[in-house]
Structure formats: C-alpha cells, structure tokens
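Student: Take a look at the following structure, please.
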Amino acid sequence: MIKILSTGFYSSIQDAGRFGSRHLGVPVSGCMDLYSFNLANALLNNSSDCSVIESTFIGPTIKFLSPTYIAITGAQCHLLLNSKPIQINTVLQICKGDILQIGKTIHGCRNYLSIIDGFDCEIILDSQSQYNGLTKSSTLQKNQIIVINKTSRTIKNRTTVKLSQNLFTHEKLVAFKGPEFCLLTDELKHKIFSSNFNLTSQSNRMAYLFKQDIPYGINDIITSSVQAGTVQLTPSGKIIILMRDAQTTGGYARVLQLPEQSISQLAQLPFNKKIKFSLED
Amino acid sequence: MPITILQFGISGLLISWENIISSKTSRKIYHFNKVILKVFKNEIVDSVPTYCSLTLYFKQSTSLIKLKNQLFNIYHTIDFSTDINSHHWKIPVCYHPSLGIDLVSLSSTLKLSIDEIILLHSTPLYTVDFIGFLPGFPYLSGLDTQLHAPRLSSPRPLVKKGSVAIGGKQTGIYANTSPAGWNIIGRTRFELFNAKDINPCPISPMDTLQFIPITLSEFNTA
C-alpha cells in the first residue's frame, strides 16, 4: 500500500483508457502522455494496461507502506527519495517507510509513477482512470491509501532509459487532415499553418485552448463524433484541441486530427509555450 | 445518397450520411451499427452513432483499408425496414420556476406563458437520436418549433443533475451536474446514468420519450 501525504497540483490514477462505453457518452480518459505511460510500465515489465499516477506541474509526496519497485517517467523534474535526489526513467527498489517526493517540473509538465504490477483501485466500466462523476473522486486525495496489486515478482536487471530533452521542447506539432479540413478556405489554411499558438492556462485534461484566434472561423457542424487529438475551429476563430477526457461528440468543425505522438507531445506542453501545426498527409 | 467512409484518428473510421437530421437517416445508422457490431465484434473497440454519422473505433492492429470495402459491401445488403425494438420512457418533470430557473426569462423571450411552454414541451413524443457529449446525455429530436430558443450568451459553470433544458432547436436532460449553456426549464429525478449498473444508461437510441409534468410537492416526495 501507499499513502498520499500531499497530492501535488493535479494528480490522478490513470491507465490506457476506458474503452467500450463511448456510445453512452463516456469519455476515454487515460494518461495524457501515453508515450511516458507506456515507458513507465515497460521499465517494470508490467502489462501495458497497469494503472499509474499521473501528476501535473508539481507531483505528490508518497509514503510507501510496503516494499515494492517503482519507475517515474515523463517531465524532467525534481525527484527525491528520503530527501536524496534520484533518477528519472529507471527502476527504483523501495523499502517500507520510504518517502518519495515528485517535485516541480523543469522541462515538460506531467509525470508518471508506475508500480510493479499496478495499483488496485476501483474499476468503473473496465478502467481505473479517474473521471468526475464516474469514479468516487476525480483526483488523488490527501491521506488516501492506495492498494498495490499483489505480486511475487522482483526485478533483477534494472534498465535505465536516456531520453533526449528535445522531446519536451519541440514546437512543431504534426497534424493530419480532419473530417472538415475540406471546408477551410486557402486563407484559413494559411493562417492555421503559419501562426504560432500559445497554450492558455484554461487548458485541462478535456481540452486545450490557445491565446491566438484566427480572424474568422467556420460554421458549426451537425453534432458528430470527436476524440482525443481532434482540432476544432469555432465560428469565432478559436482553435480547440481535445485531449484524453474529450467529450464523445461535438458541434465545432473538426479541421485537423493529431496522431498519438502529437497528443503525447502536447500533454507535456507547459502553459504559455507555443506550438506550430505541420500538416502531413 | 451514398455513404462516405473516411479515416478519423489512428484507428477510427467515420461513416457519413447526407448532412441533414432526419428519422430516415437515424434508422439507417441504427440498423447498420447493429449489424457492424455483430460482424466485427472482435475488432471494434467503440462505435459512436450521431445524427448523420457513425464512427467506428477499431483495435489498433486492424487494417482499416481492407475494412472500408467490407463496410460498403455490408451496407448494401442491409434491410432498413426491419422493425426496431424500441422502448418508451415517461420522464416525470417538475416545471416549477424554482427548479426551471430560466422559465421566467424564456417566457418573455418566446412571448409564451409558462403554462404554454410546459404544454408545448410535454406534448410531443421525442425520439432519442443518440447518447453523446457526456455520460448519459440523450440527444432528442421533436422539439416544437415554438420553443426553439437561443442558448445562453455565456454558459453556467454548474447546473443541477436532472436539469431539463432547451438549447437552439434541441431539448435534453443533464445526466449529471455539469457546465451548461442551455435554458433550464425543469428538473427530473429520473436516473439517466449509473456507472455501477450492468446497463449504466437505460435509454437507448431510437427509444421514444415523453415528459410528464409533476408538481413541486410530487417532485419533493419522489
């Protein structure tokens, strides 16, 4: 078991996502940066759907009530185990009573804490991902006790992965055409692909909003499906990128669709930083 | 009009019909979806029907190009006249101004008395076109044109669970406490979504639905 001593800025249990219920209006959710999530589980030889703790900007402080193995991936950040600095992207052996602090992020903004064979949290509609209205709460709570899945597994070969810092500083965001791309005028296309877009602090796990508007947008569509990575253009010229907690349907024109890699890249984009769309066929 | 099939996202196919809201299209989408879910039950992760589209999300290992042709072929073999086994729902709604917080302002916007609004809203037999947006939110068609009303100029950050509302040409029920930009005209205690039930959302596409006016004291004792 682990105990949450402090929750950090915004921390929640997430897994690969909640599938099979989108026809009931249930969002997929799951880890914002699936790349770092997969790495966190891979380091521990976990199955790819084990749940992890996702933290944002400032991570939680955690006391381990039993020995285990963990890995932390994602943003470059201040990490302390029993007040001593530790490495990111490696396997850590944990003793009973150890205290882990996931501190402020330096490059990127989200961290992933995996644990050997995953956490044992409530499963709602086949997923442990916390989501308002479905799970008991939408974030970790102070003093919360989280159960770890029982395992007899140990880890002998401790892998460490070195990642390039560029992963978190890319400005170019690869995008494909969305269903309504064909409705864009040449002028709008030019604006979208030549402008920089800075992320605003109103952005969250559901949607990312940007400071810059383009001069005009395009008409609403008849409500149709949307998903993580859908780039919407509103009639007034606002750009919205839907993220993992995206609603299942929406009425704004879907002008671009981001590939998985771009969604994970955006998940690590701090507020005020800019991106530039790059169209690929 | 023929359907179009377009890749949408890494593992999605967006099937589109003519860009209009019609019961004929809704029926076609319903039948097509039902057949597809049977034929591809091992490949499909999610399927999302809407007014004039059906989005199929497949497992990532599925070859979408091969599927596209199969989908066209299957579409042309479907009998769209097959009966739909739909359910009829009676939703008790209290239209008291203390719960329907926009009733008074809507009455002056629409130049209708509150009683007229209640009568016009509770008379039609609505069709559930699909469930979308947030868990359990039913998209209904059949709202009387006299009740078409603009959305609020800025959405409320939170409305109560069970709020019955009108937005543009649509009416719906907020299944949970959520932000909302529609005019709230009443409230129901009917449970639209319960994640812990085997069937979390009892209302399904193609079901019919009627609002039954109840008094404030009936609402409070329900």
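Just remember, in the structure tokens the first chain shown is A, the second B, etc., residues are 1-based per chain, and ligands are 1-based in the order shown.
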Need the shell around Phe58 (chain B): protein/DNA/RNA residues with any atom at most 7 Å away, counting only C-alpha atoms. Skip same-chain ones fewer than 5 positions apart. Format as a list in words?

Tutor: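 Here the answer would be Ser11, Gly12, Glu43, Ile44 and Val45 of chain B.
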
Student: For chain A, which residues have at least one atom within 7 Å of chain B, if we go by only C-alpha atoms? Write them as a list of chain:residue names, please.

Tutor: A:Phe19, A:Gly20, A:Ser21, A:Arg22, A:His23, A:Leu24, A:Gly25, A:Val26, A:Ile124, A:Leu125, A:Leu134, A:Gly178, A:Thr223, A:Ser224, A:Ser225, A:Gln247, A:Thr248, A:Thr249, A:Gly250, A:Gln257, A:Pro259

Student: How would the residues just picked look written out with C-alpha atoms as a compact mmCIF listing (two decimals), in the first residue's frame?

Tutor:
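Generated output (out-v1.txt):
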# COMPACT_ATOMS: atom_id res chain seq x y z
CA PHE A 19 -12.98 1.73 -23.88
CA GLY A 20 -16.32 0.22 -24.87
CA SER A 21 -18.63 2.90 -23.41
CA ARG A 22 -18.26 5.83 -25.80
CA HIS A 23 -21.75 5.14 -27.21
CA LEU A 24 -23.07 6.02 -23.72
CA GLY A 25 -21.30 9.39 -23.79
CA VAL A 26 -18.42 8.14 -21.61
CA ILE A 124 -15.53 1.52 -13.33
CA LEU A 125 -16.56 0.40 -16.83
CA LEU A 134 -17.73 8.04 -12.72
CA GLY A 178 -9.64 16.26 -40.11
CA THR A 223 -23.15 17.25 -33.83
CA SER A 224 -20.83 14.34 -34.69
CA SER A 225 -18.10 12.31 -33.02
CA GLN A 247 -16.47 14.60 -24.73
CA THR A 248 -17.62 11.89 -27.19
CA THR A 249 -19.45 14.22 -29.61
CA GLY A 250 -19.25 17.88 -30.53
CA GLN A 257 -6.62 15.33 -36.30
CA PRO A 259 -1.59 11.44 -34.33

Student: Pull the strand (DSSP E or B) assignments for region 22-261 of chain A out of DSSP run on the backbone, and list those residues as a PyMOL selection string.

Tutor: chain A and resi 52-56+58+61-64+68-81+84-85+90-94+99-115+119+124+127+132+135+145-146+148+160+172-177+197-199+207-210+224-225+230-233+239-242+249-250+253-257

Student: Which residues come within 10 Å of Arg151 (chain B), counting only C-alpha atoms, excluding same-chain residues fewer than 4 positions away, as a VMD selection string?

Tutor: chain B and resid 155 165 to 169 180 to 183

Student: Quick one: write out the picked residues with all heavy atoms as a PDB file, in the first residue's frame?

Tutor:
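out.pdb was written with the following content:
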ATOM      1  N   PRO B 155     -22.225  30.209 -20.869  1.00  0.00           N
ATOM      2  CA  PRO B 155     -22.709  29.024 -20.157  1.00  0.00           C
ATOM      3  C   PRO B 155     -22.594  29.177 -18.644  1.00  0.00           C
ATOM      4  O   PRO B 155     -21.737  29.901 -18.152  1.00  0.00           O
ATOM      5  CB  PRO B 155     -21.769  27.905 -20.631  1.00  0.00           C
ATOM      6  CG  PRO B 155     -21.007  28.453 -21.766  1.00  0.00           C
ATOM      7  CD  PRO B 155     -21.041  29.934 -21.671  1.00  0.00           C
ATOM      8  N   ALA B 165     -33.607  20.992 -20.264  1.00  0.00           N
ATOM      9  CA  ALA B 165     -33.215  22.261 -20.866  1.00  0.00           C
ATOM     10  C   ALA B 165     -33.530  22.331 -22.349  1.00  0.00           C
ATOM     11  O   ALA B 165     -33.727  21.316 -23.016  1.00  0.00           O
ATOM     12  CB  ALA B 165     -31.727  22.476 -20.643  1.00  0.00           C
ATOM     13  N   ILE B 166     -33.581  23.580 -22.843  1.00  0.00           N
ATOM     14  CA  ILE B 166     -33.777  23.851 -24.262  1.00  0.00           C
ATOM     15  C   ILE B 166     -32.584  24.666 -24.763  1.00  0.00           C
ATOM     16  O   ILE B 166     -32.208  25.666 -24.142  1.00  0.00           O
ATOM     17  CB  ILE B 166     -35.074  24.643 -24.507  1.00  0.00           C
ATOM     18  CG1 ILE B 166     -36.297  23.772 -24.218  1.00  0.00           C
ATOM     19  CG2 ILE B 166     -35.132  25.172 -25.945  1.00  0.00           C
ATOM     20  CD1 ILE B 166     -37.618  24.525 -24.306  1.00  0.00           C
ATOM     21  N   GLY B 167     -31.980  24.226 -25.865  1.00  0.00           N
ATOM     22  CA  GLY B 167     -30.869  24.969 -26.470  1.00  0.00           C
ATOM     23  C   GLY B 167     -31.016  24.937 -27.971  1.00  0.00           C
ATOM     24  O   GLY B 167     -30.956  23.869 -28.574  1.00  0.00           O
ATOM     25  N   GLY B 168     -31.258  26.078 -28.584  1.00  0.00           N
ATOM     26  CA  GLY B 168     -31.466  26.117 -30.033  1.00  0.00           C
ATOM     27  C   GLY B 168     -32.704  25.323 -30.403  1.00  0.00           C
ATOM     28  O   GLY B 168     -33.787  25.555 -29.866  1.00  0.00           O
ATOM     29  N   LYS B 169     -32.516  24.333 -31.317  1.00  0.00           N
ATOM     30  CA  LYS B 169     -33.650  23.517 -31.756  1.00  0.00           C
ATOM     31  C   LYS B 169     -33.735  22.229 -30.961  1.00  0.00           C
ATOM     32  O   LYS B 169     -34.462  21.306 -31.323  1.00  0.00           O
ATOM     33  CB  LYS B 169     -33.469  23.161 -33.239  1.00  0.00           C
ATOM     34  CG  LYS B 169     -33.438  24.369 -34.156  1.00  0.00           C
ATOM     35  CD  LYS B 169     -33.081  23.948 -35.573  1.00  0.00           C
ATOM     36  CE  LYS B 169     -32.944  25.170 -36.460  1.00  0.00           C
ATOM     37  NZ  LYS B 169     -32.440  24.837 -37.791  1.00  0.00           N
ATOM     38  N   ALA B 180     -23.290  24.183 -18.393  1.00  0.00           N
ATOM     39  CA  ALA B 180     -24.381  24.092 -19.352  1.00  0.00           C
ATOM     40  C   ALA B 180     -24.721  25.444 -19.952  1.00  0.00           C
ATOM     41  O   ALA B 180     -24.798  26.450 -19.252  1.00  0.00           O
ATOM     42  CB  ALA B 180     -25.623  23.524 -18.668  1.00  0.00           C
ATOM     43  N   GLY B 181     -24.958  25.456 -21.254  1.00  0.00           N
ATOM     44  CA  GLY B 181     -25.292  26.689 -21.940  1.00  0.00           C
ATOM     45  C   GLY B 181     -26.744  26.760 -22.386  1.00  0.00           C
ATOM     46  O   GLY B 181     -27.130  27.669 -23.100  1.00  0.00           O
ATOM     47  N   TRP B 182     -27.547  25.765 -21.974  1.00  0.00           N
ATOM     48  CA  TRP B 182     -28.943  25.747 -22.404  1.00  0.00           C
ATOM     49  C   TRP B 182     -29.852  26.378 -21.347  1.00  0.00           C
ATOM     50  O   TRP B 182     -29.477  26.523 -20.194  1.00  0.00           O
ATOM     51  CB  TRP B 182     -29.383  24.300 -22.673  1.00  0.00           C
ATOM     52  CG  TRP B 182     -28.739  23.673 -23.884  1.00  0.00           C
ATOM     53  CD1 TRP B 182     -27.658  24.157 -24.572  1.00  0.00           C
ATOM     54  CD2 TRP B 182     -29.119  22.455 -24.527  1.00  0.00           C
ATOM     55  NE1 TRP B 182     -27.343  23.317 -25.606  1.00  0.00           N
ATOM     56  CE2 TRP B 182     -28.216  22.263 -25.616  1.00  0.00           C
ATOM     57  CE3 TRP B 182     -30.119  21.509 -24.330  1.00  0.00           C
ATOM     58  CZ2 TRP B 182     -28.314  21.160 -26.466  1.00  0.00           C
ATOM     59  CZ3 TRP B 182     -30.196  20.410 -25.174  1.00  0.00           C
ATOM     60  CH2 TRP B 182     -29.312  20.244 -26.241  1.00  0.00           C
ATOM     61  N   ASN B 183     -31.089  26.735 -21.764  1.00  0.00           N
ATOM     62  CA  ASN B 183     -32.095  27.306 -20.857  1.00  0.00           C
ATOM     63  C   ASN B 183     -32.728  26.205 -20.016  1.00  0.00           C
ATOM     64  O   ASN B 183     -33.333  25.268 -20.548  1.00  0.00           O
ATOM     65  CB  ASN B 183     -33.208  27.983 -21.667  1.00  0.00           C
ATOM     66  CG  ASN B 183     -32.665  29.056 -22.606  1.00  0.00           C
ATOM     67  OD1 ASN B 183     -32.430  30.169 -22.190  1.00  0.00           O
ATOM     68  ND2 ASN B 183     -32.448  28.690 -23.867  1.00  0.00           N
TER      69      ASN B 183
END

Student: Looking only at alpha helix (DSSP H) from DSSP on the backbone, list the matching residues of region 29-269 of chain A as number ranges by chain.

Tutor: A: 34-43, 186-194, 260-267

Student: Any idea what's packed within 8 Å of Ile58 (chain A), counting only C-alpha atoms, ignoring anything in its chain fewer than 6 positions away? Could you give it as an MDAnalysis selection string?

Tutor: chainID A and resid 8:10 102:105

Student: Write a file of the selected residues as a short mmCIF file (atom, residue, chain, number, x, y, z; two decimals), in the first residue's frame, keeping C-alpha atoms.

Tutor:
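The new file out29.cif reads:
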data_model
loop_
_atom_site.label_atom_id
_atom_site.label_comp_id
_atom_site.auth_asym_id
_atom_site.auth_seq_id
_atom_site.Cartn_x
_atom_site.Cartn_y
_atom_site.Cartn_z
CA GLY A 8 0.62 17.95 -5.68
CA PHE A 9 -1.10 20.29 -8.15
CA TYR A 10 -3.34 17.85 -10.03
CA ILE A 102 7.82 14.20 -7.10
CA GLY A 103 8.63 17.91 -7.19
CA LYS A 104 8.31 20.74 -9.67
CA THR A 105 8.70 20.03 -13.37
#

Student: Considering only C-alpha atoms, return as an mmCIF file with all heavy atoms, in the first residue's frame whatever protein or nucleic-acid residues lie within 8 Å of Ile62 (chain A), sequence-local ones (same chain, fewer than 4 positions apart) excluded.

Tutor:
data_model
loop_
_atom_site.group_PDB
_atom_site.id
_atom_site.type_symbol
_atom_site.label_atom_id
_atom_site.label_comp_id
_atom_site.auth_asym_id
_atom_site.auth_seq_id
_atom_site.Cartn_x
_atom_site.Cartn_y
_atom_site.Cartn_z
ATOM 1 N N ILE A 2 0.317 2.338 -0.476
ATOM 2 C CA ILE A 2 0.989 3.634 -0.386
ATOM 3 C C ILE A 2 0.024 4.640 0.236
ATOM 4 O O ILE A 2 -1.191 4.447 0.194
ATOM 5 C CB ILE A 2 1.465 4.149 -1.766
ATOM 6 C CG1 ILE A 2 0.273 4.484 -2.677
ATOM 7 C CG2 ILE A 2 2.390 3.156 -2.447
ATOM 8 C CD1 ILE A 2 0.653 5.289 -3.908
ATOM 9 N N LYS A 3 0.600 5.690 0.833
ATOM 10 C CA LYS A 3 -0.229 6.737 1.413
ATOM 11 C C LYS A 3 0.139 8.069 0.762
ATOM 12 O O LYS A 3 1.327 8.407 0.643
ATOM 13 C CB LYS A 3 -0.009 6.802 2.925
ATOM 14 C CG LYS A 3 -0.921 7.800 3.619
ATOM 15 C CD LYS A 3 -0.734 7.779 5.118
ATOM 16 C CE LYS A 3 -1.665 8.802 5.763
ATOM 17 N NZ LYS A 3 -1.492 8.830 7.212
ATOM 18 N N ILE A 4 -0.858 8.815 0.348
ATOM 19 C CA ILE A 4 -0.632 10.115 -0.295
ATOM 20 C C ILE A 4 -0.484 11.173 0.811
ATOM 21 O O ILE A 4 -1.466 11.531 1.463
ATOM 22 C CB ILE A 4 -1.812 10.491 -1.221
ATOM 23 C CG1 ILE A 4 -2.100 9.383 -2.246
ATOM 24 C CG2 ILE A 4 -1.547 11.831 -1.933
ATOM 25 C CD1 ILE A 4 -0.981 9.075 -3.195
ATOM 26 N N LEU A 5 0.738 11.662 1.029
ATOM 27 C CA LEU A 5 0.962 12.669 2.083
ATOM 28 C C LEU A 5 0.555 14.061 1.578
ATOM 29 O O LEU A 5 -0.001 14.858 2.314
ATOM 30 C CB LEU A 5 2.419 12.666 2.529
ATOM 31 C CG LEU A 5 2.942 11.329 3.094
ATOM 32 C CD1 LEU A 5 4.380 11.481 3.567
ATOM 33 C CD2 LEU A 5 2.058 10.811 4.226
ATOM 34 N N SER A 6 0.889 14.344 0.318
ATOM 35 C CA SER A 6 0.349 15.562 -0.304
ATOM 36 C C SER A 6 0.070 15.240 -1.758
ATOM 37 O O SER A 6 0.730 14.381 -2.354
ATOM 38 C CB SER A 6 1.315 16.736 -0.162
ATOM 39 O OG SER A 6 2.387 16.566 -1.057
ATOM 40 N N ILE A 99 9.929 7.569 1.597
ATOM 41 C CA ILE A 99 9.082 8.700 1.189
ATOM 42 C C ILE A 99 9.587 9.279 -0.128
ATOM 43 O O ILE A 99 10.756 9.641 -0.260
ATOM 44 C CB ILE A 99 9.037 9.780 2.287
ATOM 45 C CG1 ILE A 99 8.266 9.209 3.495
ATOM 46 C CG2 ILE A 99 8.354 11.057 1.781
ATOM 47 C CD1 ILE A 99 8.152 10.136 4.665
ATOM 48 N N LEU A 100 8.700 9.311 -1.110
ATOM 49 C CA LEU A 100 9.025 9.821 -2.447
ATOM 50 C C LEU A 100 8.367 11.177 -2.654
ATOM 51 O O LEU A 100 7.186 11.351 -2.377
ATOM 52 C CB LEU A 100 8.490 8.842 -3.512
ATOM 53 C CG LEU A 100 8.567 9.318 -4.961
ATOM 54 C CD1 LEU A 100 10.012 9.288 -5.473
ATOM 55 C CD2 LEU A 100 7.683 8.459 -5.856
ATOM 56 N N GLN A 101 9.183 12.135 -3.127
ATOM 57 C CA GLN A 101 8.626 13.445 -3.476
ATOM 58 C C GLN A 101 8.823 13.671 -4.968
ATOM 59 O O GLN A 101 9.957 13.708 -5.443
ATOM 60 C CB GLN A 101 9.359 14.557 -2.726
ATOM 61 C CG GLN A 101 8.946 14.735 -1.284
ATOM 62 C CD GLN A 101 9.862 15.741 -0.616
ATOM 63 O OE1 GLN A 101 10.915 15.363 -0.119
ATOM 64 N NE2 GLN A 101 9.478 17.010 -0.637
#

Student: Find the spatial neighbours of Phe211 (chain B), counting only C-alpha atoms, within a cut-off of 6 Å - ignore same-chain residues fewer than 6 positions away - and output them as a PyMOL selection string.

Tutor: chain B and resi 90-92+122

Student: Using only C-alpha atoms, which residues sit within 9 Å of region 106-119 of chain B once same-chain residues fewer than 2 positions away are excluded, as JSON, numbers by chain?

Tutor: {"B": [95, 97, 102, 103, 104, 121, 122, 123, 146, 147, 148, 149, 183, 185, 213]}

Student: Of the residues B:Tyr174, B:Phe80, B:Phe72, B:Trp17, which is the one nearest to His31 (chain B), using only C-alpha atoms?

Tutor: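 The answer is B:Phe80, which sits nearest to His31 (chain B).
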